[in-house]
Structure formats: C-alpha cells, structure tokens
>>> print(open('upload29.txt').read())   # compact mmCIF, C-alpha atoms
# COMPACT_ATOMS: atom_id res chain seq x y z
CA MET A 1 -86.48 -51.45 86.75
CA LYS A 2 -87.67 -49.76 89.91
CA ASN A 3 -85.41 -51.90 92.07
CA LYS A 4 -82.42 -51.07 89.90
CA LYS A 5 -83.05 -47.35 90.29
CA GLN A 6 -83.37 -47.72 94.03
CA LEU A 7 -80.17 -49.77 94.38
CA PHE A 8 -77.91 -48.12 91.78
CA ILE A 9 -75.78 -46.60 94.55
CA PHE A 10 -74.76 -50.13 95.59
CA ASP A 11 -73.52 -51.07 92.12
CA PRO A 12 -69.73 -51.54 91.87
CA ALA A 13 -69.38 -48.40 89.75
CA TYR A 14 -71.01 -46.26 92.43
CA ARG A 15 -70.07 -48.07 95.65
CA GLY A 16 -66.88 -46.09 96.25
CA ARG A 17 -68.62 -42.80 95.53
CA THR A 18 -71.47 -43.63 97.90
CA ALA A 19 -69.06 -44.68 100.66
CA SER A 20 -67.09 -41.42 100.32
CA PHE A 21 -70.10 -39.14 100.58
CA THR A 22 -71.65 -41.21 103.38
CA LEU A 23 -68.42 -41.09 105.39
CA VAL A 24 -68.05 -37.32 105.02
CA ILE A 25 -71.66 -36.52 105.90
CA ALA A 26 -71.75 -38.96 108.84
CA ALA A 27 -68.47 -37.60 110.23
CA TYR A 28 -69.75 -34.03 109.95
CA VAL A 29 -73.02 -34.83 111.76
CA ILE A 30 -71.27 -36.74 114.55
CA LEU A 31 -68.56 -34.12 115.09
CA GLN A 32 -71.04 -31.25 115.07
CA ALA A 33 -73.12 -33.10 117.66
CA LEU A 34 -70.04 -33.63 119.83
CA ARG A 35 -69.09 -29.95 119.55
CA SER A 36 -72.55 -28.70 120.41
CA SER A 37 -72.70 -31.00 123.46
CA GLY A 38 -69.22 -29.95 124.61
CA ASN A 39 -67.79 -33.47 124.36
CA LEU A 40 -65.12 -32.55 121.81
CA SER A 41 -61.88 -31.25 123.28
CA SER A 42 -60.53 -27.89 122.16
CA LEU A 43 -57.46 -29.61 120.69
CA PHE A 44 -59.45 -31.79 118.32
CA ALA A 45 -61.85 -28.95 117.56
CA SER A 46 -58.87 -26.88 116.38
CA LEU A 47 -57.81 -29.70 114.04
CA LEU A 48 -61.14 -30.00 112.21
CA VAL A 49 -60.42 -27.35 109.57
CA PRO A 50 -56.80 -28.46 108.89
CA VAL A 51 -57.99 -32.07 108.46
CA THR A 52 -60.57 -31.01 105.86
CA CYS A 53 -57.90 -29.00 104.03
CA TYR A 54 -55.49 -31.94 103.88
CA ILE A 55 -58.31 -34.23 102.71
CA VAL A 56 -59.12 -31.92 99.77
CA ALA A 57 -55.45 -31.63 98.82
CA ALA A 58 -55.03 -35.43 99.07
CA ILE A 59 -58.11 -36.05 96.89
CA GLY A 60 -56.64 -33.74 94.25
CA LEU A 61 -53.27 -35.48 94.42
CA ASN A 62 -54.94 -38.90 94.21
CA LEU A 63 -56.50 -37.79 90.93
CA ASN A 64 -53.07 -36.78 89.67
CA VAL A 65 -51.16 -39.83 90.89
CA SER A 66 -53.66 -42.65 90.39
CA VAL A 67 -55.94 -41.61 87.54
CA SER A 68 -53.37 -39.70 85.49
CA GLY A 69 -50.37 -41.76 86.62
CA GLU A 70 -48.12 -38.73 87.16
CA LEU A 71 -46.06 -38.36 90.35
CA ASN A 72 -46.59 -34.79 91.55
CA LEU A 73 -44.43 -33.60 94.47
CA GLY A 74 -45.49 -29.96 94.22
CA GLN A 75 -48.89 -30.16 95.90
CA ALA A 76 -47.68 -28.08 98.84
CA GLY A 77 -46.58 -25.40 96.37
CA PHE A 78 -50.09 -25.15 94.94
CA MET A 79 -51.47 -25.05 98.47
CA SER A 80 -49.18 -22.13 99.31
CA VAL A 81 -50.30 -20.24 96.18
CA GLY A 82 -53.94 -20.70 97.19
CA ALA A 83 -53.27 -19.88 100.84
CA PHE A 84 -51.46 -16.58 100.34
CA THR A 85 -53.77 -15.55 97.49
CA ALA A 86 -56.76 -16.07 99.77
CA VAL A 87 -55.11 -14.21 102.63
CA CYS A 88 -54.39 -11.21 100.38
CA VAL A 89 -57.89 -11.22 98.87
CA SER A 90 -59.52 -11.57 102.28
CA GLY A 91 -57.40 -8.78 103.74
CA ARG A 92 -58.26 -6.46 100.87
CA LEU A 93 -61.98 -7.26 101.06
CA VAL A 94 -62.34 -6.59 104.80
CA ALA A 95 -63.73 -3.14 104.17
CA ALA A 96 -65.60 -4.07 101.00
CA VAL A 97 -67.44 -7.17 102.28
CA SER A 98 -68.74 -7.10 105.82
CA ALA A 99 -70.16 -10.64 106.06
CA GLY A 100 -67.72 -13.48 106.68
CA ILE A 101 -69.26 -16.12 104.39
CA PRO A 102 -69.16 -14.17 101.09
CA ARG A 103 -65.58 -13.10 101.78
CA LEU A 104 -64.65 -16.69 102.55
CA ILE A 105 -66.21 -17.96 99.32
CA ILE A 106 -64.56 -15.24 97.21
CA SER A 107 -61.17 -15.90 98.82
CA ILE A 108 -61.35 -19.67 98.28
CA LEU A 109 -62.43 -19.22 94.65
CA CYS A 110 -59.57 -16.80 94.01
CA GLY A 111 -57.08 -19.18 95.64
CA ALA A 112 -58.34 -22.12 93.56
CA VAL A 113 -58.31 -20.15 90.28
CA ILE A 114 -54.81 -18.71 90.78
CA ALA A 115 -53.44 -22.14 91.78
CA ALA A 116 -55.10 -23.69 88.70
CA LEU A 117 -53.48 -21.03 86.51
CA PHE A 118 -50.11 -21.82 88.07
CA GLY A 119 -50.84 -25.49 87.42
CA PHE A 120 -51.52 -24.74 83.77
CA ALA A 121 -48.37 -22.63 83.43
CA ILE A 122 -46.23 -25.30 85.09
CA GLY A 123 -47.98 -28.13 83.25
CA VAL A 124 -47.08 -26.86 79.78
CA PRO A 125 -43.38 -27.78 80.08
CA VAL A 126 -43.67 -30.30 82.94
CA LEU A 127 -46.14 -32.73 81.37
CA LYS A 128 -43.74 -33.36 78.52
CA LEU A 129 -41.65 -35.21 81.09
CA GLN A 130 -42.39 -38.60 82.64
CA GLY A 131 -41.56 -40.59 85.76
CA ASP A 132 -38.83 -39.31 88.06
CA TYR A 133 -38.18 -36.23 85.91
CA LEU A 134 -41.74 -35.00 86.44
CA ALA A 135 -41.45 -35.58 90.19
CA ILE A 136 -38.18 -33.62 90.37
CA VAL A 137 -39.57 -30.65 88.43
CA THR A 138 -42.74 -30.42 90.51
CA LEU A 139 -40.62 -30.68 93.66
CA ALA A 140 -38.48 -27.80 92.40
CA PHE A 141 -41.63 -25.79 91.69
CA GLY A 142 -42.75 -26.16 95.30
CA GLN A 143 -39.38 -24.96 96.58
CA ILE A 144 -39.34 -22.00 94.17
CA ILE A 145 -42.80 -20.88 95.24
CA LYS A 146 -41.81 -21.07 98.91
CA SER A 147 -38.66 -19.05 98.24
CA LEU A 148 -40.57 -16.38 96.27
CA ILE A 149 -43.22 -15.90 98.96
CA THR A 150 -40.53 -15.78 101.66
CA ASN A 151 -38.96 -12.76 99.92
CA MET A 152 -42.19 -11.01 98.96
CA TYR A 153 -43.60 -7.87 100.59
CA LEU A 154 -47.08 -6.68 99.68
CA GLY A 155 -49.22 -3.98 101.28
CA PHE A 156 -51.97 -1.54 100.41
CA ASP A 157 -53.20 1.84 101.57
CA GLU A 158 -55.42 4.60 100.22
CA ASN A 159 -53.07 5.00 97.24
CA GLY A 160 -53.32 1.35 96.18
CA PHE A 161 -50.99 -1.66 96.37
CA GLN A 162 -47.26 -1.47 97.09
CA PHE A 163 -44.92 -4.34 96.30
CA SER A 164 -41.25 -5.01 96.91
CA PHE A 165 -38.97 -8.03 96.72
CA VAL A 166 -36.16 -9.19 99.07
CA GLU A 167 -36.21 -5.92 101.05
CA ASN A 168 -39.26 -4.21 102.49
CA LYS A 169 -39.48 -0.88 100.66
CA CYS A 170 -43.21 -0.40 101.17
CA SER A 171 -44.00 2.97 102.76
CA LEU A 172 -47.68 2.80 103.61
CA ALA A 173 -49.81 5.77 104.53
CA PRO A 174 -51.56 5.81 107.92
CA GLY A 175 -54.28 3.19 107.91
CA GLY A 176 -52.43 0.99 105.42
CA LYS A 177 -51.97 -2.73 105.90
CA MET A 178 -49.21 -5.20 105.06
CA LEU A 179 -50.62 -8.36 103.50
CA LEU A 180 -47.33 -10.21 103.03
CA ASN A 181 -44.31 -9.48 105.16
CA GLY A 182 -41.42 -11.55 103.80
CA PRO A 183 -40.24 -14.43 106.02
CA MET A 184 -42.91 -13.53 108.57
CA GLY A 185 -45.53 -14.39 105.97
CA ALA A 186 -49.07 -13.16 106.49
CA THR A 187 -49.82 -11.71 109.93
CA GLY A 188 -52.96 -10.27 111.44
CA THR A 189 -55.24 -12.35 109.22
CA GLN A 190 -58.86 -12.50 110.31
CA ARG A 191 -59.82 -16.14 110.90
CA ILE A 192 -62.97 -16.79 108.87
CA ALA A 193 -62.51 -20.50 108.02
CA ASN A 194 -64.84 -23.01 109.64
CA PHE A 195 -65.54 -26.74 109.70
CA THR A 196 -68.76 -26.44 107.69
CA ALA A 197 -66.92 -24.73 104.84
CA GLY A 198 -64.26 -27.46 104.97
CA THR A 199 -66.88 -30.21 104.76
CA VAL A 200 -68.62 -28.51 101.83
CA LEU A 201 -65.23 -28.18 100.12
CA ILE A 202 -64.61 -31.93 100.54
CA ILE A 203 -68.00 -32.73 99.01
CA ILE A 204 -67.32 -30.39 96.08
CA ALA A 205 -63.89 -31.98 95.56
CA LEU A 206 -65.44 -35.47 95.55
CA ILE A 207 -68.12 -34.38 93.06
CA ILE A 208 -65.49 -32.91 90.73
CA VAL A 209 -63.15 -35.90 90.94
CA TYR A 210 -65.78 -38.63 90.65
CA ASN A 211 -67.55 -36.91 87.75
CA LEU A 212 -64.21 -36.53 85.99
CA ILE A 213 -63.24 -40.17 86.59
CA TYR A 214 -66.53 -41.54 85.24
CA SER A 215 -66.66 -39.16 82.28
CA LYS A 216 -65.28 -39.54 78.76
CA SER A 217 -62.36 -37.28 79.73
CA GLY A 218 -61.60 -39.50 82.72
CA ARG A 219 -61.48 -42.61 80.54
CA ALA A 220 -59.16 -40.76 78.17
CA ILE A 221 -56.88 -39.80 81.09
CA MET A 222 -56.70 -43.44 82.22
CA ALA A 223 -56.04 -44.56 78.65
CA CYS A 224 -53.06 -42.20 78.49
CA ARG A 225 -51.84 -43.60 81.80
CA ASP A 226 -52.14 -47.25 80.76
CA ASN A 227 -50.76 -47.01 77.23
CA ARG A 228 -49.59 -43.65 75.94
CA ILE A 229 -48.89 -44.83 72.39
CA ALA A 230 -52.20 -46.68 71.96
CA ALA A 231 -54.13 -43.69 73.32
CA GLU A 232 -52.40 -41.35 70.89
CA LEU A 233 -53.15 -43.68 67.98
CA THR A 234 -56.86 -43.59 68.84
CA GLY A 235 -56.86 -39.80 68.48
CA ILE A 236 -56.50 -38.75 72.14
CA HIS A 237 -54.48 -35.56 72.60
CA ILE A 238 -52.03 -36.66 75.30
CA ALA A 239 -50.87 -33.22 76.47
CA ASN A 240 -54.37 -31.72 76.76
CA THR A 241 -55.74 -34.80 78.49
CA LYS A 242 -53.03 -34.93 81.14
CA MET A 243 -53.22 -31.16 81.54
CA LEU A 244 -56.86 -31.45 82.59
CA SER A 245 -56.13 -33.69 85.59
CA PHE A 246 -53.05 -31.63 86.51
CA VAL A 247 -54.99 -28.34 86.52
CA VAL A 248 -57.91 -29.83 88.48
CA SER A 249 -55.48 -31.25 91.05
CA ALA A 250 -53.73 -27.87 91.37
CA GLY A 251 -57.07 -26.06 91.72
CA LEU A 252 -58.22 -28.37 94.50
CA ALA A 253 -54.88 -27.90 96.28
CA GLY A 254 -55.28 -24.13 95.94
CA ALA A 255 -58.78 -24.25 97.43
CA ALA A 256 -57.49 -26.40 100.30
CA GLY A 257 -54.63 -24.00 100.91
CA ALA A 258 -57.01 -21.02 100.83
CA LEU A 259 -59.19 -22.50 103.57
CA TYR A 260 -56.08 -23.48 105.53
CA GLY A 261 -54.59 -19.99 105.32
CA LEU A 262 -57.81 -18.36 106.54
CA ASN A 263 -57.84 -20.62 109.60
CA TYR A 264 -54.79 -18.95 111.20
CA SER A 265 -54.00 -15.39 112.15
CA THR A 266 -50.36 -15.95 111.18
CA LEU A 267 -49.14 -18.03 108.25
CA VAL A 268 -45.49 -18.51 107.29
CA PRO A 269 -44.25 -19.82 103.90
CA ASN A 270 -42.20 -22.58 105.57
CA LYS A 271 -45.46 -24.33 106.44
CA PHE A 272 -45.73 -25.46 102.80
CA ASP A 273 -42.33 -27.05 102.39
CA PHE A 274 -41.17 -30.35 100.87
CA ASN A 275 -42.28 -32.31 103.94
CA THR A 276 -45.88 -31.19 103.43
CA SER A 277 -45.89 -32.52 99.86
CA ILE A 278 -44.50 -35.85 101.07
CA LEU A 279 -47.10 -36.04 103.85
CA ILE A 280 -49.95 -35.53 101.37
CA LEU A 281 -48.44 -38.22 99.14
CA VAL A 282 -48.29 -40.57 102.16
CA TYR A 283 -52.00 -39.95 102.80
CA VAL A 284 -52.75 -40.94 99.20
CA VAL A 285 -50.53 -44.04 99.14
CA LEU A 286 -51.75 -45.40 102.49
CA GLY A 287 -55.38 -44.77 101.55
CA GLY A 288 -54.94 -46.57 98.25
CA LEU A 289 -54.31 -45.18 94.79
CA GLY A 290 -57.66 -44.36 93.20
CA ASN A 291 -59.51 -45.00 96.48
CA MET A 292 -60.99 -41.66 97.59
CA THR A 293 -62.67 -43.18 100.66
CA GLY A 294 -59.37 -44.71 101.77
CA THR A 295 -57.64 -41.37 101.20
CA ILE A 296 -60.16 -39.63 103.48
CA ILE A 297 -59.72 -42.23 106.23
CA SER A 298 -55.91 -42.30 106.04
CA THR A 299 -55.72 -38.50 106.12
CA ILE A 300 -57.92 -38.31 109.21
CA VAL A 301 -55.94 -41.02 111.01
CA LEU A 302 -52.49 -39.71 110.13
CA VAL A 303 -53.30 -36.09 110.99
CA LEU A 304 -54.84 -37.00 114.35
CA LEU A 305 -52.35 -39.72 115.30
CA PRO A 306 -49.45 -37.42 116.32
CA GLU A 307 -51.84 -35.44 118.53
CA LEU A 308 -53.14 -38.62 120.16
CA LEU A 309 -49.55 -39.61 120.91
CA ARG A 310 -48.50 -36.17 122.16
CA SER A 311 -48.56 -37.34 125.79
CA LEU A 312 -45.71 -39.72 124.96
CA GLN A 313 -43.48 -36.72 124.10
CA ASP A 314 -40.20 -37.93 122.57
CA TYR A 315 -41.54 -41.35 121.58
CA ARG A 316 -44.58 -40.21 119.64
CA MET A 317 -42.81 -39.72 116.29
CA LEU A 318 -41.13 -43.10 116.65
CA ILE A 319 -44.52 -44.74 117.26
CA TYR A 320 -45.97 -42.72 114.37
CA ALA A 321 -43.27 -44.09 112.03
CA ILE A 322 -43.82 -47.66 113.25
CA VAL A 323 -47.58 -47.33 112.67
CA LEU A 324 -46.93 -46.10 109.12
CA ILE A 325 -44.71 -49.10 108.39
CA LEU A 326 -47.27 -51.54 109.83
CA ILE A 327 -50.07 -50.00 107.78
CA MET A 328 -47.98 -50.30 104.62
CA LEU A 329 -47.17 -53.94 105.37
CA ILE A 330 -50.78 -54.83 106.15
CA THR A 331 -52.32 -53.05 103.17
CA ASN A 332 -49.82 -54.67 100.78
CA ASN A 333 -50.18 -58.17 102.25
CA GLU A 334 -51.54 -60.65 99.70
CA LYS A 335 -53.46 -62.62 102.35
CA VAL A 336 -55.24 -59.49 103.49
CA LYS A 337 -56.09 -58.59 99.89
CA THR A 338 -57.42 -62.10 99.24
CA MET A 339 -59.51 -61.99 102.39
CA THR A 340 -60.94 -58.61 101.40
CA LYS A 341 -61.84 -59.84 97.92
CA SER A 342 -63.48 -62.93 99.42
CA LEU A 343 -65.61 -60.81 101.76
CA ARG A 344 -66.65 -58.57 98.87
CA SER A 345 -67.60 -61.61 96.76
CA ARG A 346 -69.69 -63.05 99.58
CA PHE A 347 -71.39 -59.71 100.12
CA ALA A 348 -72.16 -59.38 96.41
CA ALA A 349 -73.43 -62.99 96.25
CA GLY A 350 -75.69 -62.43 99.25
CA ARG A 351 -77.08 -59.25 97.75
CA GLY A 352 -77.72 -61.05 94.46
CA ALA A 353 -79.65 -63.80 96.28
CA ASP A 354 -81.76 -61.17 98.04
CA LYS A 355 -82.62 -59.59 94.69
CA LYS A 356 -83.73 -62.96 93.28
CA GLU A 357 -85.94 -63.61 96.29
CA ALA A 358 -87.47 -60.13 95.99
CA ALA A 359 -88.18 -60.74 92.28
>>> encode(input="upload29.txt", output="structure tokens")
Amino acid sequence: MKNKKQLFIFDPAYRGRTASFTLVIAAYVILQALRSSGNLSSLFASLLVPVTCYIVAAIGLNLNVSVSGELNLGQAGFMSVGAFTAVCVSGRLVAAVSAGIPRLIISILCGAVIAALFGFAIGVPVLKLQGDYLAIVTLAFGQIIKSLITNMYLGFDENGFQFSFVENKCSLAPGGKMLLNGPMGATGTQRIANFTAGTVLIIIALIIVYNLIYSKSGRAIMACRDNRIAAELTGIHIANTKMLSFVVSAGLAGAAGALYGLNYSTLVPNKFDFNTSILILVYVVLGGLGNMTGTIISTIVLVLLPELLRSLQDYRMLIYAIVLILIMLITNNEKVKTMTKSLRSRFAAGRGADKKEAA
C-alpha cells in the first residue's frame, strides 16, 4: 500500500498531469537561473510573459476542443475582453493600490470573471449549435468584440467615468486619464506583468483543467461529446454540461489576455484578431487534443520559432510553414504512433517488473 501511495503519480491516470507540472516548474527554474546569470538574451526574456499567456489560452481551448468536442474560434475574443478589462481596472486602481502584485491579481481576476461572463452570455445561444455552425458563430463573436473595442472611448477623472462610442466625446478634467482610446487601444499602461505571475497562472490553469477532467462533471462532458443522445438518456443536462467547459475555457482565455495586456504599455484591438484564434488552435492541434503537456511544448516551440528564424528575414515564415507541415505529418504518422505505443508498453512492463522485484 505504501508503494502505491509513493508511485501514484506514475499511474496512467496521473502521468500526463505529473509531466505537465514537472515541465512547467523545471522550465521556470531553468529560465530564472539563466536570467539571473545574464545568459538569457533580452529578446527571449521579453517573450517569457507572452509565451505563458498563450499557454494558458491554449490549455483553455484544449479543454473546449478535446474534452467538450466543440470547435471554438473565438478564443482571441475572450482574450481581448480580459486584456482590456484588466488594463482599465489596473489604470483605475493606480491611485488606490500602490503595490504592483495586488493590483496585478485584482486585474487578472477581473479580466477572467468578465471573460467568463461573456462566455456564459455567448454560450446560451451558441451551444445549441454544433460543428461548423458553432465555429462560425464563435468566429463572428471574436470579430464583433474587436470591432466594439476599436470604436470604444473610455476615460475617468475626478467626476467619474466618461464613455463614448465611434467618436471621442470625452472631455476630461485636468488630471483625468483615457483608458481606451478607440483604434489606438490602451496607451500609457503601466507594465506590471511578470514571468512568475505567468508561471503561477499556468499552474492554476492546469489544476483547474485536470481537476475538471477527472471529476464527475468532466466525465459528463466527455459523455456528451461521445454520444449526445445516450448522455441525455442517462439524465445528463447537455446544455449545462457543455456550458461549464465553455465558461471555464473563456475564463482562462480572459486571465491569459489580462496578463498579456499588462505586459505592454500600448495595446491595440487588432492584436486579438482572427489570426490569433487560429494560432491558438494550431498550438492545441499540434500538441495533441487532450494532451496538456503537448500543448505546452507546441506553444513554446511555435512562439519562439519565428524569433529564432528572424535572421533569415524573408524566408523565416516560409520555413515556419514548412516546419508546421512536417510536424503535422510526423505526429499523424501511424509508424510513429506505433513506435510510441511500443516504447510506452516497454516502459510500463519494465516498471511492473521492478515492482515485483521490490515486493
């Protein structure tokens, strides 16, 4: 019994979870050591926070796409909601909260909650659809959100908030501040995001997703994905079950967007366009549907790859596309899959023999 308790993290049900947390913690320790010793270039140091943001958004989308089985193309829209909510909250709390960490936590929480509320509001009509129709509606949502923020003006002064749409009609008193400035987005934002907060956010996202997957609600979500009619006949409420994964995915995207927005002094709405949603989906697909560890690795590689190829100038995007195609071909090759399964079987057999010898 004692051996089982000591080795439960190596059981098949926990192996993926253990690998994900080990990878995140090991990467954080190594990168922090490189930064403190001055061996990490300024370029890669500037990419640490964006990488963590994309990882959190990809983990949330993986929950939506793989566990729930719904194709969501509006993840960038939820990120934009979280980003601009956090920027507004942070800008308003500058005078109220002097320390950076509490303001960062409050801003991320507000971004996640508002994005989750948007996810709930969108999910009510959207989750009645399936397949391509759901993808089209979520894609439209992302474009609508981008258009709304592009035409939004929000500021505050001693008299309170002032808001206008399409045209800037805000007349702020001396000492007032514009939080959103139409197509220019958010400007003059104090950069309070950091790599430690991004790593903690990844760990929190993994805890939420893994606990949901292994819970009764997670099994219900997968039952709805595999056979909608059979799940409904067993008493599972389809709409509420799918809504849970959709709202959690939106909340994680909002938290990721909040941290991303607080990492730049200027943030424009066009940053969260259709291409961003497709990029996050690519991270999920290349990492493997349902494979959170693979999603983390693919996100890191695909975010850093264009920067590694920057010296090649005009050819770097061509090489980037070729690498994507090769990865897709390799990961979907039956021989590679068979070889991987064989290695896993041998590893499991060897571990089983060691347990017998120890007994």
>>> residues_around(input="upload29.txt", residues="region 285-293 of chain A", least_positions_apart="4", cutoff="8 Å", atoms="only C-alpha atoms", output="PDB file with C-alpha atoms, keeping the file's coordinate frame")
ATOM      1  CA  GLY A  16     -66.880 -46.090  96.250  1.00  0.00           C
ATOM      2  CA  ARG A  17     -68.620 -42.800  95.530  1.00  0.00           C
ATOM      3  CA  ALA A  19     -69.060 -44.680 100.660  1.00  0.00           C
ATOM      4  CA  SER A  20     -67.090 -41.420 100.320  1.00  0.00           C
ATOM      5  CA  LEU A  23     -68.420 -41.090 105.390  1.00  0.00           C
ATOM      6  CA  ILE A  59     -58.110 -36.050  96.890  1.00  0.00           C
ATOM      7  CA  ASN A  62     -54.940 -38.900  94.210  1.00  0.00           C
ATOM      8  CA  LEU A  63     -56.500 -37.790  90.930  1.00  0.00           C
ATOM      9  CA  VAL A  65     -51.160 -39.830  90.890  1.00  0.00           C
ATOM     10  CA  SER A  66     -53.660 -42.650  90.390  1.00  0.00           C
ATOM     11  CA  VAL A  67     -55.940 -41.610  87.540  1.00  0.00           C
ATOM     12  CA  LEU A 206     -65.440 -35.470  95.550  1.00  0.00           C
ATOM     13  CA  LEU A 281     -48.440 -38.220  99.140  1.00  0.00           C
ATOM     14  CA  ILE A 297     -59.720 -42.230 106.230  1.00  0.00           C
ATOM     15  CA  SER A 298     -55.910 -42.300 106.040  1.00  0.00           C
ATOM     16  CA  THR A 299     -55.720 -38.500 106.120  1.00  0.00           C
ATOM     17  CA  ILE A 327     -50.070 -50.000 107.780  1.00  0.00           C
ATOM     18  CA  MET A 328     -47.980 -50.300 104.620  1.00  0.00           C
ATOM     19  CA  THR A 331     -52.320 -53.050 103.170  1.00  0.00           C
TER      20      THR A 331
END
>>> closest_residue(input="upload29.txt", among="A:Gly175, A:Gly261, A:Gly182, A:Pro269", to="Gly142 (chain A)", atoms="all atoms listed in the file")
A:Pro269
>>> residues_around(input="upload29.txt", residues="region 232-238 of chain A", least_positions_apart="2", cutoff="12 Å", atoms="only C-alpha atoms", output="ChimeraX atom specification")
/A:68,124,127-129,216-230,240-245
>>> closest_residue(input="upload29.txt", among="A:Ala58, A:Ala83, A:Leu172, A:Leu48", to="Val282 (chain A)", atoms="all atoms listed in the file")
A:Ala58
>>> atom_distance(input="upload29.txt", atom1="CA of Ser265 (chain A)", atom2="CA of Ile55 (chain A)")
21.5 Å
>>> residues_around(input="upload29.txt", residues="Leu252 (chain A)", least_positions_apart="2", cutoff="8 Å", atoms="only C-alpha atoms", output="list in words")
Val56, Ala57, Gly60, Ala112, Ala205, Val248, Ser249, Ala250, Gly254, Ala255 and Ala256 of chain A
>>> atom_distance(input="upload29.txt", atom1="CA of Ser90 (chain A)", atom2="CA of Arg103 (chain A)")
6.3 Å
>>> atom_distance(input="upload29.txt", atom1="CA of Phe163 (chain A)", atom2="CA of Pro125 (chain A)")
28.5 Å
>>> residues_near_point(input="upload29.txt", point="(-56.1, -25.0, 102.9)", cutoff="6 Å", atoms="all atoms listed in the file", output="PyMOL selection string")
chain A and resi 53+256-261
>>> residues_around(input="upload29.txt", residues="Thr187 (chain A)", least_positions_apart="2", cutoff="9 Å", atoms="only C-alpha atoms", output="list in words")
Met178, Leu179, Leu180, Asn181, Met184, Gly185, Thr189, Tyr264, Ser265, Thr266, Leu267 and Val268 of chain A
>>> closest_residue(input="upload29.txt", among="A:Ala186, A:Leu139, A:Ala197, A:Ile325", to="Gly155 (chain A)", atoms="all atoms listed in the file")
A:Ala186
>>> decode(input="upload29.txt", residues="region 23-45 of chain A", atoms="C-alpha atoms", output="PDB file, in the first residue's frame")
ATOM      1  CA  LEU A  23       7.699  20.598 -17.246  1.00  0.00           C
ATOM      2  CA  VAL A  24       6.344  23.964 -16.092  1.00  0.00           C
ATOM      3  CA  ILE A  25       8.275  24.014 -12.810  1.00  0.00           C
ATOM      4  CA  ALA A  26      11.525  22.809 -14.421  1.00  0.00           C
ATOM      5  CA  ALA A  27      11.254  25.393 -17.213  1.00  0.00           C
ATOM      6  CA  TYR A  28      10.638  28.163 -14.681  1.00  0.00           C
ATOM      7  CA  VAL A  29      13.651  27.190 -12.547  1.00  0.00           C
ATOM      8  CA  ILE A  30      15.970  26.907 -15.562  1.00  0.00           C
ATOM      9  CA  LEU A  31      14.847  30.176 -17.149  1.00  0.00           C
ATOM     10  CA  GLN A  32      15.071  32.082 -13.876  1.00  0.00           C
ATOM     11  CA  ALA A  33      18.598  30.745 -13.403  1.00  0.00           C
ATOM     12  CA  LEU A  34      19.537  31.848 -16.915  1.00  0.00           C
ATOM     13  CA  ARG A  35      18.076  35.322 -16.338  1.00  0.00           C
ATOM     14  CA  SER A  36      19.828  35.808 -13.020  1.00  0.00           C
ATOM     15  CA  SER A  37      23.168  34.751 -14.551  1.00  0.00           C
ATOM     16  CA  GLY A  38      22.679  37.028 -17.567  1.00  0.00           C
ATOM     17  CA  ASN A  39      22.751  34.158 -20.074  1.00  0.00           C
ATOM     18  CA  LEU A  40      19.260  34.820 -21.430  1.00  0.00           C
ATOM     19  CA  SER A  41      19.082  37.376 -24.230  1.00  0.00           C
ATOM     20  CA  SER A  42      16.789  40.374 -23.892  1.00  0.00           C
ATOM     21  CA  LEU A  43      14.748  39.149 -26.871  1.00  0.00           C
ATOM     22  CA  PHE A  44      13.852  35.831 -25.266  1.00  0.00           C
ATOM     23  CA  ALA A  45      13.386  37.478 -21.875  1.00  0.00           C
TER      24      ALA A  45
END
